[in-house]
Structure formats: structure tokens, C-alpha cells
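A.B. asks: mmCIF, C-alpha atoms, saved as my_file23.cif, coming up:
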data_run
loop_
_atom_site.group_PDB
_atom_site.id
_atom_site.type_symbol
_atom_site.label_atom_id
_atom_site.label_comp_id
_atom_site.auth_asym_id
_atom_site.auth_seq_id
_atom_site.Cartn_x
_atom_site.Cartn_y
_atom_site.Cartn_z
ATOM 1 C CA MET A 1 2.388 -30.534 20.583
ATOM 2 C CA ALA A 2 4.755 -28.574 18.344
ATOM 3 C CA GLN A 3 6.441 -25.641 20.026
ATOM 4 C CA ARG A 4 5.842 -22.293 18.408
ATOM 5 C CA PRO A 5 9.055 -20.811 16.963
ATOM 6 C CA ASN A 6 10.305 -17.444 18.136
ATOM 7 C CA LEU A 7 8.965 -15.237 15.355
ATOM 8 C CA ALA A 8 11.594 -12.563 15.776
ATOM 9 C CA SER A 9 14.313 -15.094 14.995
ATOM 10 C CA LEU A 10 12.741 -16.253 11.734
ATOM 11 C CA GLY A 11 13.685 -14.899 8.316
ATOM 12 C CA ASP A 12 11.330 -12.931 6.115
ATOM 13 C CA LEU A 13 10.568 -15.884 3.868
ATOM 14 C CA ASP A 14 9.668 -18.130 6.813
ATOM 15 C CA LEU A 15 7.443 -15.443 8.268
ATOM 16 C CA ALA A 16 5.830 -14.937 4.860
ATOM 17 C CA SER A 17 5.162 -18.686 4.630
ATOM 18 C CA LEU A 18 3.554 -18.672 8.076
ATOM 19 C CA THR A 19 1.504 -15.634 7.061
ATOM 20 C CA ALA A 20 0.348 -17.400 3.913
ATOM 21 C CA ALA A 21 -0.808 -20.237 6.163
ATOM 22 C CA GLY A 22 -2.975 -17.743 8.079
ATOM 23 C CA ASP A 23 -0.676 -16.813 10.944
ATOM 24 C CA GLN A 24 -1.352 -13.124 11.590
ATOM 25 C CA ALA A 25 1.191 -13.020 14.409
ATOM 26 C CA ALA A 26 3.884 -13.835 11.854
ATOM 27 C CA PHE A 27 2.675 -10.941 9.768
ATOM 28 C CA GLY A 28 2.827 -8.749 12.870
ATOM 29 C CA ALA A 29 6.482 -9.675 13.196
ATOM 30 C CA LEU A 30 7.031 -8.608 9.581
ATOM 31 C CA MET A 31 5.273 -5.307 10.265
ATOM 32 C CA ARG A 32 7.384 -4.647 13.328
ATOM 33 C CA ARG A 33 10.540 -5.480 11.396
ATOM 34 C CA HIS A 34 9.842 -3.486 8.241
ATOM 35 C CA GLY A 35 7.293 -0.891 9.376
ATOM 36 C CA PRO A 36 9.874 1.825 10.026
ATOM 37 C CA LEU A 37 11.356 1.407 6.546
ATOM 38 C CA VAL A 38 8.000 1.571 4.785
ATOM 39 C CA ARG A 39 6.676 4.419 6.890
ATOM 40 C CA GLY A 40 9.943 6.283 6.441
ATOM 41 C CA LEU A 41 9.732 5.964 2.669
ATOM 42 C CA VAL A 42 6.158 7.264 2.546
ATOM 43 C CA ARG A 43 7.079 10.193 4.762
ATOM 44 C CA ARG A 44 10.090 10.963 2.621
ATOM 45 C CA MET A 45 7.887 10.948 -0.434
ATOM 46 C CA GLY A 46 5.870 13.739 1.141
ATOM 47 C CA ALA A 47 3.068 12.180 3.202
ATOM 48 C CA GLN A 48 2.556 13.622 6.645
ATOM 49 C CA GLY A 49 1.845 12.084 10.052
ATOM 50 C CA SER A 50 -1.168 9.817 10.240
ATOM 51 C CA THR A 51 -1.570 9.857 6.447
ATOM 52 C CA ALA A 52 1.862 8.279 6.122
ATOM 53 C CA ASP A 53 0.900 5.656 8.703
ATOM 54 C CA ASP A 54 -2.350 4.884 6.893
ATOM 55 C CA ILE A 55 -0.606 4.476 3.537
ATOM 56 C CA ALA A 56 2.131 2.313 5.051
ATOM 57 C CA GLN A 57 -0.453 0.121 6.801
ATOM 58 C CA ASP A 58 -2.532 -0.130 3.639
ATOM 59 C CA ALA A 59 0.612 -1.264 1.830
ATOM 60 C CA PHE A 60 1.125 -3.982 4.435
ATOM 61 C CA ILE A 61 -2.504 -5.091 4.080
ATOM 62 C CA ALA A 62 -2.041 -5.256 0.307
ATOM 63 C CA ALA A 63 1.122 -7.284 0.885
ATOM 64 C CA TYR A 64 -0.831 -9.595 3.186
ATOM 65 C CA THR A 65 -3.440 -10.272 0.537
ATOM 66 C CA GLY A 66 -0.740 -10.954 -2.058
ATOM 67 C CA ILE A 67 1.710 -12.702 0.262
ATOM 68 C CA GLY A 68 1.847 -15.663 -2.095
ATOM 69 C CA ASN A 69 3.577 -13.439 -4.650
ATOM 70 C CA TYR A 70 6.526 -12.825 -2.343
ATOM 71 C CA ARG A 71 9.254 -15.262 -3.333
ATOM 72 C CA GLY A 72 12.002 -14.005 -1.076
ATOM 73 C CA GLU A 73 14.078 -12.755 -3.990
ATOM 74 C CA GLY A 74 14.573 -9.394 -2.281
ATOM 75 C CA SER A 75 13.903 -8.077 1.178
ATOM 76 C CA PHE A 76 10.296 -8.129 2.316
ATOM 77 C CA GLY A 77 10.616 -4.476 3.297
ATOM 78 C CA GLY A 78 11.732 -3.568 -0.218
ATOM 79 C CA TRP A 79 8.755 -5.410 -1.666
ATOM 80 C CA VAL A 80 6.325 -3.556 0.597
ATOM 81 C CA CYS A 81 8.117 -0.286 -0.174
ATOM 82 C CA ARG A 82 7.308 -0.755 -3.861
ATOM 83 C CA ILE A 83 3.659 -1.270 -2.965
ATOM 84 C CA ALA A 84 3.688 1.733 -0.633
ATOM 85 C CA GLY A 85 5.290 3.920 -3.292
ATOM 86 C CA ARG A 86 2.564 2.964 -5.735
ATOM 87 C CA MET A 87 -0.123 3.629 -3.142
ATOM 88 C CA TYR A 88 1.267 7.040 -2.274
ATOM 89 C CA VAL A 89 1.384 8.057 -5.932
ATOM 90 C CA ARG A 90 -2.196 6.929 -6.481
ATOM 91 C CA LYS A 91 -3.369 8.760 -3.394
ATOM 92 C CA ALA A 92 -1.460 11.931 -4.158
ATOM 93 C CA ARG A 93 -1.858 11.840 -7.933
ATOM 94 C CA HIS A 94 -4.305 14.714 -7.912
ATOM 95 C CA GLU A 95 -1.979 16.979 -5.907
ATOM 96 C CA LEU A 96 1.077 15.832 -7.828
ATOM 97 C CA ARG A 97 -0.467 16.295 -11.248
ATOM 98 C CA TYR A 98 0.312 19.982 -11.330
ATOM 99 C CA GLN A 99 3.829 19.529 -9.995
ATOM 100 C CA LEU A 100 5.146 16.748 -12.202
ATOM 101 C CA THR A 101 6.023 19.079 -15.016
ATOM 102 C CA ASP A 102 9.331 19.198 -16.800
ATOM 103 C CA GLN A 103 9.995 22.676 -15.527
ATOM 104 C CA PRO A 104 12.378 22.938 -12.601
ATOM 105 C CA ILE A 105 10.595 24.338 -9.571
ATOM 106 C CA GLU A 106 12.621 26.845 -7.623
ATOM 107 C CA THR A 107 12.633 25.942 -3.970
ATOM 108 C CA GLY A 108 14.625 28.959 -2.865
ATOM 109 C CA GLU A 109 18.149 28.775 -1.593
ATOM 110 C CA ALA A 110 17.276 30.737 1.533
ATOM 111 C CA ALA A 111 14.981 27.956 2.677
ATOM 112 C CA GLY A 112 17.809 25.480 3.120
ATOM 113 C CA PRO A 113 18.040 23.128 6.078
ATOM 114 C CA GLU A 114 19.831 23.961 9.277
ATOM 115 C CA PRO A 115 23.565 23.298 9.009
ATOM 116 C CA GLY A 116 23.468 20.599 11.656
ATOM 117 C CA LEU A 117 20.906 18.655 9.706
ATOM 118 C CA LEU A 118 22.614 18.725 6.342
ATOM 119 C CA MET A 119 23.879 15.187 6.744
ATOM 120 C CA ASP A 120 20.362 14.069 7.329
ATOM 121 C CA LEU A 121 18.708 12.724 4.236
ATOM 122 C CA ASP A 122 15.308 13.837 5.488
ATOM 123 C CA ALA A 123 16.429 17.416 5.820
ATOM 124 C CA ALA A 124 18.082 17.311 2.416
ATOM 125 C CA LEU A 125 14.951 15.872 0.820
ATOM 126 C CA LYS A 126 12.978 18.842 2.067
ATOM 127 C CA THR A 127 14.960 21.092 -0.238
ATOM 128 C CA LEU A 128 13.671 19.192 -3.283
ATOM 129 C CA SER A 129 10.511 20.046 -5.161
ATOM 130 C CA ALA A 130 7.605 17.656 -4.669
ATOM 131 C CA ALA A 131 8.178 16.111 -8.091
ATOM 132 C CA GLU A 132 11.894 15.644 -7.496
ATOM 133 C CA ARG A 133 11.265 14.148 -4.068
ATOM 134 C CA VAL A 134 8.713 11.668 -5.405
ATOM 135 C CA CYS A 135 10.894 10.623 -8.333
ATOM 136 C CA VAL A 136 14.039 10.229 -6.224
ATOM 137 C CA SER A 137 12.107 8.357 -3.527
ATOM 138 C CA LEU A 138 10.538 6.001 -6.037
ATOM 139 C CA CYS A 139 13.780 5.257 -7.853
ATOM 140 C CA SER A 140 16.290 5.304 -4.998
ATOM 141 C CA GLY A 141 14.028 4.423 -2.084
ATOM 142 C CA ALA A 142 11.436 2.037 -3.488
ATOM 143 C CA GLY A 143 13.643 0.453 -6.149
ATOM 144 C CA TYR A 144 11.642 1.469 -9.215
ATOM 145 C CA SER A 145 13.487 1.803 -12.493
ATOM 146 C CA HIS A 146 13.065 5.075 -14.365
ATOM 147 C CA PRO A 147 10.681 3.523 -16.938
ATOM 148 C CA GLU A 148 8.617 1.950 -14.149
ATOM 149 C CA ALA A 149 8.392 5.285 -12.340
ATOM 150 C CA ALA A 150 7.358 7.034 -15.569
ATOM 151 C CA GLU A 151 4.594 4.499 -16.095
ATOM 152 C CA LEU A 152 3.406 4.786 -12.512
ATOM 153 C CA LEU A 153 3.401 8.584 -12.561
ATOM 154 C CA HIS A 154 1.940 8.799 -16.074
ATOM 155 C CA ILE A 155 4.663 11.175 -17.209
ATOM 156 C CA PRO A 156 7.321 10.860 -19.927
ATOM 157 C CA LEU A 157 10.495 8.919 -19.175
ATOM 158 C CA GLY A 158 12.615 11.971 -19.928
ATOM 159 C CA THR A 159 10.719 13.959 -17.296
ATOM 160 C CA VAL A 160 11.389 11.319 -14.661
ATOM 161 C CA LYS A 161 15.069 11.289 -15.570
ATOM 162 C CA SER A 162 15.192 15.085 -15.319
ATOM 163 C CA HIS A 163 13.554 15.084 -11.903
ATOM 164 C CA VAL A 164 15.816 12.318 -10.620
ATOM 165 C CA LYS A 165 18.947 14.010 -11.928
ATOM 166 C CA ARG A 166 18.024 17.411 -10.528
ATOM 167 C CA GLY A 167 16.981 15.838 -7.235
ATOM 168 C CA LEU A 168 20.187 13.829 -6.888
ATOM 169 C CA ASP A 169 22.265 16.872 -7.785
ATOM 170 C CA LYS A 170 20.592 18.844 -5.007
ATOM 171 C CA LEU A 171 21.009 15.978 -2.551
ATOM 172 C CA ARG A 172 24.659 15.601 -3.489
ATOM 173 C CA GLN A 173 25.228 19.284 -2.885
ATOM 174 C CA ARG A 174 23.433 19.311 0.455
ATOM 175 C CA LEU A 175 24.998 16.132 1.764
ATOM 176 C CA GLU A 176 28.450 17.226 0.645
ATOM 177 C CA THR A 177 28.041 20.558 2.401
ATOM 178 C CA GLY A 178 27.019 18.694 5.524
ATOM 179 C CA ARG A 179 30.087 16.477 5.349
ATOM 180 C CA GLN A 180 32.350 19.493 5.022
ATOM 181 C CA GLU A 181 30.696 21.230 7.959
ATOM 182 C CA ARG A 182 31.092 18.114 10.066
ATOM 183 C CA ALA A 183 34.736 17.851 9.079
ATOM 184 C CA ASN A 184 35.322 21.481 10.004
ATOM 185 C CA ALA A 185 33.502 21.231 13.328
ATOM 186 C CA MET B 1 21.194 -1.430 -11.878
ATOM 187 C CA ARG B 2 22.604 1.741 -10.362
ATOM 188 C CA ASP B 3 25.934 2.746 -11.872
ATOM 189 C CA ASP B 4 26.218 6.057 -10.088
ATOM 190 C CA PRO B 5 27.953 5.576 -6.704
ATOM 191 C CA PHE B 6 26.083 8.532 -5.270
ATOM 192 C CA GLU B 7 22.758 7.021 -6.280
ATOM 193 C CA GLN B 8 23.833 3.849 -4.490
ATOM 194 C CA GLU B 9 24.708 5.907 -1.456
ATOM 195 C CA VAL B 10 21.286 7.579 -1.493
ATOM 196 C CA ALA B 11 19.621 4.171 -1.825
ATOM 197 C CA GLY B 12 21.605 3.079 1.235
ATOM 198 C CA LEU B 13 20.416 6.118 3.160
ATOM 199 C CA PHE B 14 16.825 5.309 2.230
ATOM 200 C CA ALA B 15 17.328 1.734 3.389
ATOM 201 C CA ALA B 16 18.592 2.967 6.757
ATOM 202 C CA ALA B 17 15.131 3.178 8.249
ATOM 203 C CA PRO B 18 14.439 6.137 10.507
ATOM 204 C CA ALA B 19 13.901 5.161 14.111
ATOM 205 C CA PHE B 20 10.604 6.120 15.690
ATOM 206 C CA ASP B 21 9.226 5.515 19.134
ATOM 207 C CA ASP B 22 5.859 4.051 18.324
ATOM 208 C CA GLY B 23 6.890 1.158 16.081
ATOM 209 C CA GLU B 24 4.984 -1.256 18.292
ATOM 210 C CA ALA B 25 1.882 0.942 18.129
ATOM 211 C CA PHE B 26 2.247 1.115 14.347
ATOM 212 C CA ALA B 27 2.321 -2.680 14.098
ATOM 213 C CA ARG B 28 -0.570 -3.073 16.547
ATOM 214 C CA ARG B 29 -2.730 -0.597 14.641
ATOM 215 C CA GLY B 30 -1.760 -2.301 11.401
ATOM 216 C CA LEU B 31 -2.857 -5.670 12.753
ATOM 217 C CA GLU B 32 -6.145 -4.162 13.923
ATOM 218 C CA ARG B 33 -6.762 -2.829 10.454
ATOM 219 C CA LEU B 34 -5.769 -6.158 8.980
ATOM 220 C CA ALA B 35 -8.266 -7.941 11.236
ATOM 221 C CA ALA B 36 -10.953 -5.439 10.155
ATOM 222 C CA TYR B 37 -10.028 -6.087 6.543
ATOM 223 C CA GLU B 38 -10.315 -9.834 7.087
ATOM 224 C CA ARG B 39 -13.757 -9.381 8.655
ATOM 225 C CA LEU B 40 -14.805 -7.276 5.705
ATOM 226 C CA ARG B 41 -13.501 -9.842 3.253
ATOM 227 C CA GLN B 42 -15.358 -12.650 4.984
ATOM 228 C CA ARG B 43 -18.586 -10.688 5.058
ATOM 229 C CA VAL B 44 -18.276 -9.787 1.399
ATOM 230 C CA LEU B 45 -17.632 -13.442 0.648
ATOM 231 C CA ILE B 46 -20.742 -14.421 2.588
ATOM 232 C CA SER B 47 -22.774 -11.710 0.849
ATOM 233 C CA VAL B 48 -21.597 -12.789 -2.586
ATOM 234 C CA SER B 49 -22.227 -16.448 -1.745
ATOM 235 C CA ALA B 50 -25.705 -15.601 -0.523
ATOM 236 C CA ALA B 51 -26.375 -13.677 -3.716
ATOM 237 C CA ALA B 52 -25.134 -16.630 -5.765
ATOM 238 C CA VAL B 53 -27.390 -19.040 -3.868
ATOM 239 C CA LEU B 54 -30.290 -16.648 -4.352
ATOM 240 C CA ALA B 55 -29.576 -16.466 -8.054
ATOM 241 C CA ALA B 56 -29.449 -20.255 -8.253
ATOM 242 C CA VAL B 57 -32.780 -20.516 -6.433
ATOM 243 C CA LEU B 58 -34.181 -17.902 -8.745
ATOM 244 C CA MET B 59 -33.051 -19.766 -11.835
ATOM 245 C CA LEU B 60 -34.574 -22.929 -10.446
ATOM 246 C CA ALA B 61 -37.770 -21.112 -9.601
ATOM 247 C CA ARG B 62 -38.060 -19.812 -13.131
ATOM 248 C CA SER B 63 -37.393 -23.172 -14.700
ATOM 249 C CA PRO B 64 -40.280 -24.985 -16.394
ATOM 250 C CA LEU B 65 -39.837 -27.956 -14.054
ATOM 251 C CA TRP B 66 -40.362 -25.850 -10.942
ATOM 252 C CA ALA B 67 -43.196 -23.978 -12.563
ATOM 253 C CA SER B 68 -44.994 -27.209 -13.295
ATOM 254 C CA LEU B 69 -44.418 -28.390 -9.720
ATOM 255 C CA ALA B 70 -45.507 -25.052 -8.316
ATOM 256 C CA ALA B 71 -48.629 -25.065 -10.383
ATOM 257 C CA LYS B 72 -49.692 -28.162 -8.492
ATOM 258 C CA SER B 73 -49.055 -26.729 -5.058
ATOM 259 C CA ALA B 74 -49.939 -23.584 -3.170
ATOM 260 C CA GLY B 75 -47.934 -21.372 -0.829
ATOM 261 C CA ILE B 76 -44.306 -20.291 -0.997
ATOM 262 C CA GLY B 77 -43.538 -22.285 -4.146
ATOM 263 C CA THR B 78 -46.206 -20.436 -6.040
ATOM 264 C CA LEU B 79 -45.046 -17.123 -4.633
ATOM 265 C CA ILE B 80 -41.468 -17.753 -5.774
ATOM 266 C CA ALA B 81 -42.554 -18.934 -9.169
ATOM 267 C CA ASN B 82 -44.829 -15.973 -9.731
ATOM 268 C CA THR B 83 -42.466 -13.235 -8.521
ATOM 269 C CA PRO B 84 -41.052 -11.347 -11.494
ATOM 270 C CA LEU B 85 -37.372 -11.826 -12.327
ATOM 271 C CA THR B 86 -36.647 -8.112 -11.995
ATOM 272 C CA THR B 87 -37.951 -8.060 -8.430
ATOM 273 C CA TRP B 88 -35.585 -10.826 -7.420
ATOM 274 C CA CYS B 89 -32.633 -9.090 -9.051
ATOM 275 C CA VAL B 90 -33.398 -5.770 -7.362
ATOM 276 C CA LEU B 91 -33.843 -7.515 -4.023
ATOM 277 C CA ALA B 92 -30.540 -9.369 -4.332
ATOM 278 C CA ALA B 93 -28.690 -6.201 -5.402
ATOM 279 C CA ALA B 94 -30.201 -4.228 -2.519
ATOM 280 C CA VAL B 95 -29.212 -6.844 0.052
ATOM 281 C CA ALA B 96 -25.671 -7.072 -1.333
ATOM 282 C CA GLY B 97 -25.374 -3.266 -1.505
ATOM 283 C CA VAL B 98 -26.499 -2.688 2.068
ATOM 284 C CA ALA B 99 -24.182 -5.451 3.277
ATOM 285 C CA LEU B 100 -21.236 -3.887 1.446
ATOM 286 C CA LEU B 101 -22.013 -0.399 2.770
ATOM 287 C CA LEU B 102 -22.243 -1.654 6.338
ATOM 288 C CA ASN B 103 -19.129 -3.746 6.034
ATOM 289 C CA ARG B 104 -17.155 -0.844 4.571
ATOM 290 C CA GLN B 105 -17.337 0.810 7.976
ATOM 291 C CA ALA B 106 -15.106 -1.938 9.318
ATOM 292 C CA LEU B 107 -12.142 -0.544 7.381
ATOM 293 C CA ILE B 108 -12.801 3.077 8.224
ATOM 294 C CA ARG B 109 -12.930 2.609 11.991
#
Would you kindly transcribe this structure into C-alpha cells?

C.D. replies:
Amino acid sequence: MAQRPNLASLGDLDLASLTAAGDQAAFGALMRRHGPLVRGLVRRMGAQGSTADDIAQDAFIAAYTGIGNYRGEGSFGGWVCRIAGRMYVRKARHELRYQLTDQPIETGEAAGPEPGLLMDLDAALKTLSAAERVCVSLCSGAGYSHPEAAELLHIPLGTVKSHVKRGLDKLRQRLETGRQERANA
Amino acid sequence: MRDDPFEQEVAGLFAAAPAFDDGEAFARRGLERLAAYERLRQRVLISVSAAAVLAAVLMLARSPLWASLAAKSAGIGTLIANTPLTTWCVLAAAVAGVALLLNRQALIR
């Protein structure tokens, strides 16, 4: 009788092959390995608590049903992140519709993160508008190109580029401030 | 892909997954939902197959061959042959609909 391999020691592609053959335990290993990344992305996009978990798990279920499409060209987590990003946008499209305008949304300088958290990407992301956060998360976190993000969000390419630029500028400023504060401490 | 070094840095920060305590619980819950999804998929498959079989029976029942056979015999054959097409369609749709509604609960649990 063939001995079962240690799933944790297998690569993503091997686990995906086992999953495609109907091995749910192999898929569990993939979820354990990449769950934090996918859940983190959805939370950073703006989903909260159990909603973020539900979206991340739905993304994994969608990945399970389309596991044959995974060719191992990138990381499995990155592939699921793209799915999760799409799912979040679809779920939140109604709320986002009124925020994905081309107009910069003032978030208020006084509402900045605590100094000790400035190095933290999560804290810095909170200073972005919802539209900026979604666009930056899609393009930098989920690996979407600007045109792909524009198509997904149903907004013009120029708007996506504006949101990404403004968002990255704010992140740069916050993260740089955090670095300086750490250096001075 | 990304020419801007800062954008690369941000992508790296995104890739550094945040640690959380209940990763095991997340995976366990995910597998439970996956199992529920699989159950749902199987039941839908069975429902659709049953509907297809019913449709095939219906087509056979409405065929001239069956009608001529049924005309020579009494009982269920006659009943099938004489039931209007619309009734069969409504019956099949109702069965499939109820099955889908019940099975949907498997994902919501």
C-alpha cells in the first residue's frame, strides 16, 4: 500500500494535482498555507471580520472548482488572491459605486494612524479612501494590471490610475514617516 | 510589470501575509464549506439528471410508438400517455426547484 506523502512538505502544484484528483486534505493544506494571505488581502481591501473570512473561503471554493486551471505559473496564493479580489469587488460593488469617482476624497489629516503603527501597511491603508484602497489592493496586492482593474471595477482606466497614484503617494508618505520615526527612536 | 520600486515594495508588503491566531480554524471552516458545496453540487447533479430522465420518459411517452402501445394496454402506460405535456413540464420544474431551494441551505449553514 502506497504511503501517503506529508502534505505540508509538498509544493503548491503537487497539492493542486492531488486536489484535482479529489483529495480534499490536499486542498486543506493549500488553505492553511495561503489562507492568511488571501484573508489579509480581503481585509486590506476593506472587508471586515467574518465577511472577510467568508469571501476568502468562497475564493478558495471557487479555486477548488477551477483547480484544473492552475498551472503553477505563479504562486497558488496569488492565484486565489486574484479570485478573492474579484469576489470582493462584486460583493461590494454597490457600496463602492458611489466612491469610485475621479474626485479625490479627503480622509482628513487629523485621522492619521498612531505613530507606532506607521510602518504597518494595514495602518497606512486605513488613511486611504475606499476607492484608493481597493485600487491599490487590486493592483499591488492581487496582481491586477491597471486595465484589468478598470474592467473589473467598471470605471475608466484613467480613474484607476489616479486612485492608484494617489493611494501610493499617501502610502509612501505614511511609510516614510514611520521609517523616520523608527530611526529617531 | 512594476517599474516603480515603491510599488514593488508595497507588493512585497502585501505578500507578507498578516499572522492570525485562528488559521487552523479558518482552514477547517473552509473545508466544511467546501464539503457542503460538494454535497450541493452532487444533489444538483442528481436533480438535473432526474429531470433529464423524466424529460426522456416524457418524450418517449408522447411518441407515436408509445401511444400505440399504450392504446392497447390499461394502467400507468395510459396515464403517462394521456397526461398533458405542460403538466409534466410543470411537475419536473417544481421538483427541480424545490430540490435546489432545499440544497441551497447546505451552503448557508

A.B. asks: When distances are computed from only C-alpha atoms, which of A:Gly78, A:Gly11, A:Gly68, A:Gly85 shows the smallest separation from Ala56 (chain A)?

C.D. replies: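 The shortest atom-to-atom distance to Ala56 (chain A) comes from A:Gly85.
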
A.B. asks: Measure the distance from CA of Ala16 (chain B) to CA of Glu151 (chain A) in Å and round it to one decimal.

C.D. replies: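 Rounded to one decimal, the two atoms are 26.8 Å apart.
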
A.B. asks: Can you list every residue of chain A that has an atom at most 7 Å from chain B, with its nearest atom pair and the distance in Å to one decimal, using only C-alpha atoms, ordered by chain then number, as JSON lines?

C.D. replies:
{"residue": "A:Gly28", "atom": "CA", "partner": "B:Ala27", "partner_atom": "CA", "distance": 6.2}
{"residue": "A:Met31", "atom": "CA", "partner": "B:Ala27", "partner_atom": "CA", "distance": 5.5}
{"residue": "A:Arg32", "atom": "CA", "partner": "B:Ala27", "partner_atom": "CA", "distance": 5.5}
{"residue": "A:Pro36", "atom": "CA", "partner": "B:Ala17", "partner_atom": "CA", "distance": 5.7}
{"residue": "A:Leu37", "atom": "CA", "partner": "B:Ala17", "partner_atom": "CA", "distance": 4.5}
{"residue": "A:Gly40", "atom": "CA", "partner": "B:Pro18", "partner_atom": "CA", "distance": 6.1}
{"residue": "A:Gln57", "atom": "CA", "partner": "B:Gly30", "partner_atom": "CA", "distance": 5.4}
{"residue": "A:Ile61", "atom": "CA", "partner": "B:Leu34", "partner_atom": "CA", "distance": 6.0}
{"residue": "A:Leu121", "atom": "CA", "partner": "B:Leu13", "partner_atom": "CA", "distance": 6.9}
{"residue": "A:Ser140", "atom": "CA", "partner": "B:Ala11", "partner_atom": "CA", "distance": 4.7}
{"residue": "A:Gly141", "atom": "CA", "partner": "B:Phe14", "partner_atom": "CA", "distance": 5.2}

A.B. asks: In Å to one decimal, how far is CA of Leu128 (chain A) from CA of Arg44 (chain A)?

C.D. replies: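 Taking CA of Arg44 (chain A) and CA of Leu128 (chain A), their separation equals 10.7 Å.
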
A.B. asks: How far is it from CA of Ser137 (chain A) to CA of Gln173 (chain A), in Å with one decimal?

C.D. replies: 17.1 Å

A.B. asks: Hey, what's within 8 Å of region 85-100 of chain B if we count all atoms listed in the file and toss same-chain stuff fewer than 5 positions away? As number ranges by chain, please?

C.D. replies: B: 43-44, 47-48, 51, 54, 58

A.B. asks: Counting only C-alpha atoms, figure out which residue out of A:Ala92, A:Ile155, A:Ala123, A:Cys81 gets nearest to Cys139 (chain A).

C.D. replies: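 Counting only C-alpha atoms, the residue closest to Cys139 (chain A) is A:Cys81.
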
A.B. asks: Write out as JSON an axis-aligned box for region 80-96 of chain A: all of its atoms listed in the file, 6 Å added on each side, centre and edge lengths in Å with one decimal.

C.D. replies:
{"center_x": 1.9, "center_y": 6.7, "center_z": -3.7, "size_x": 24.4, "size_y": 32.5, "size_z": 20.5}
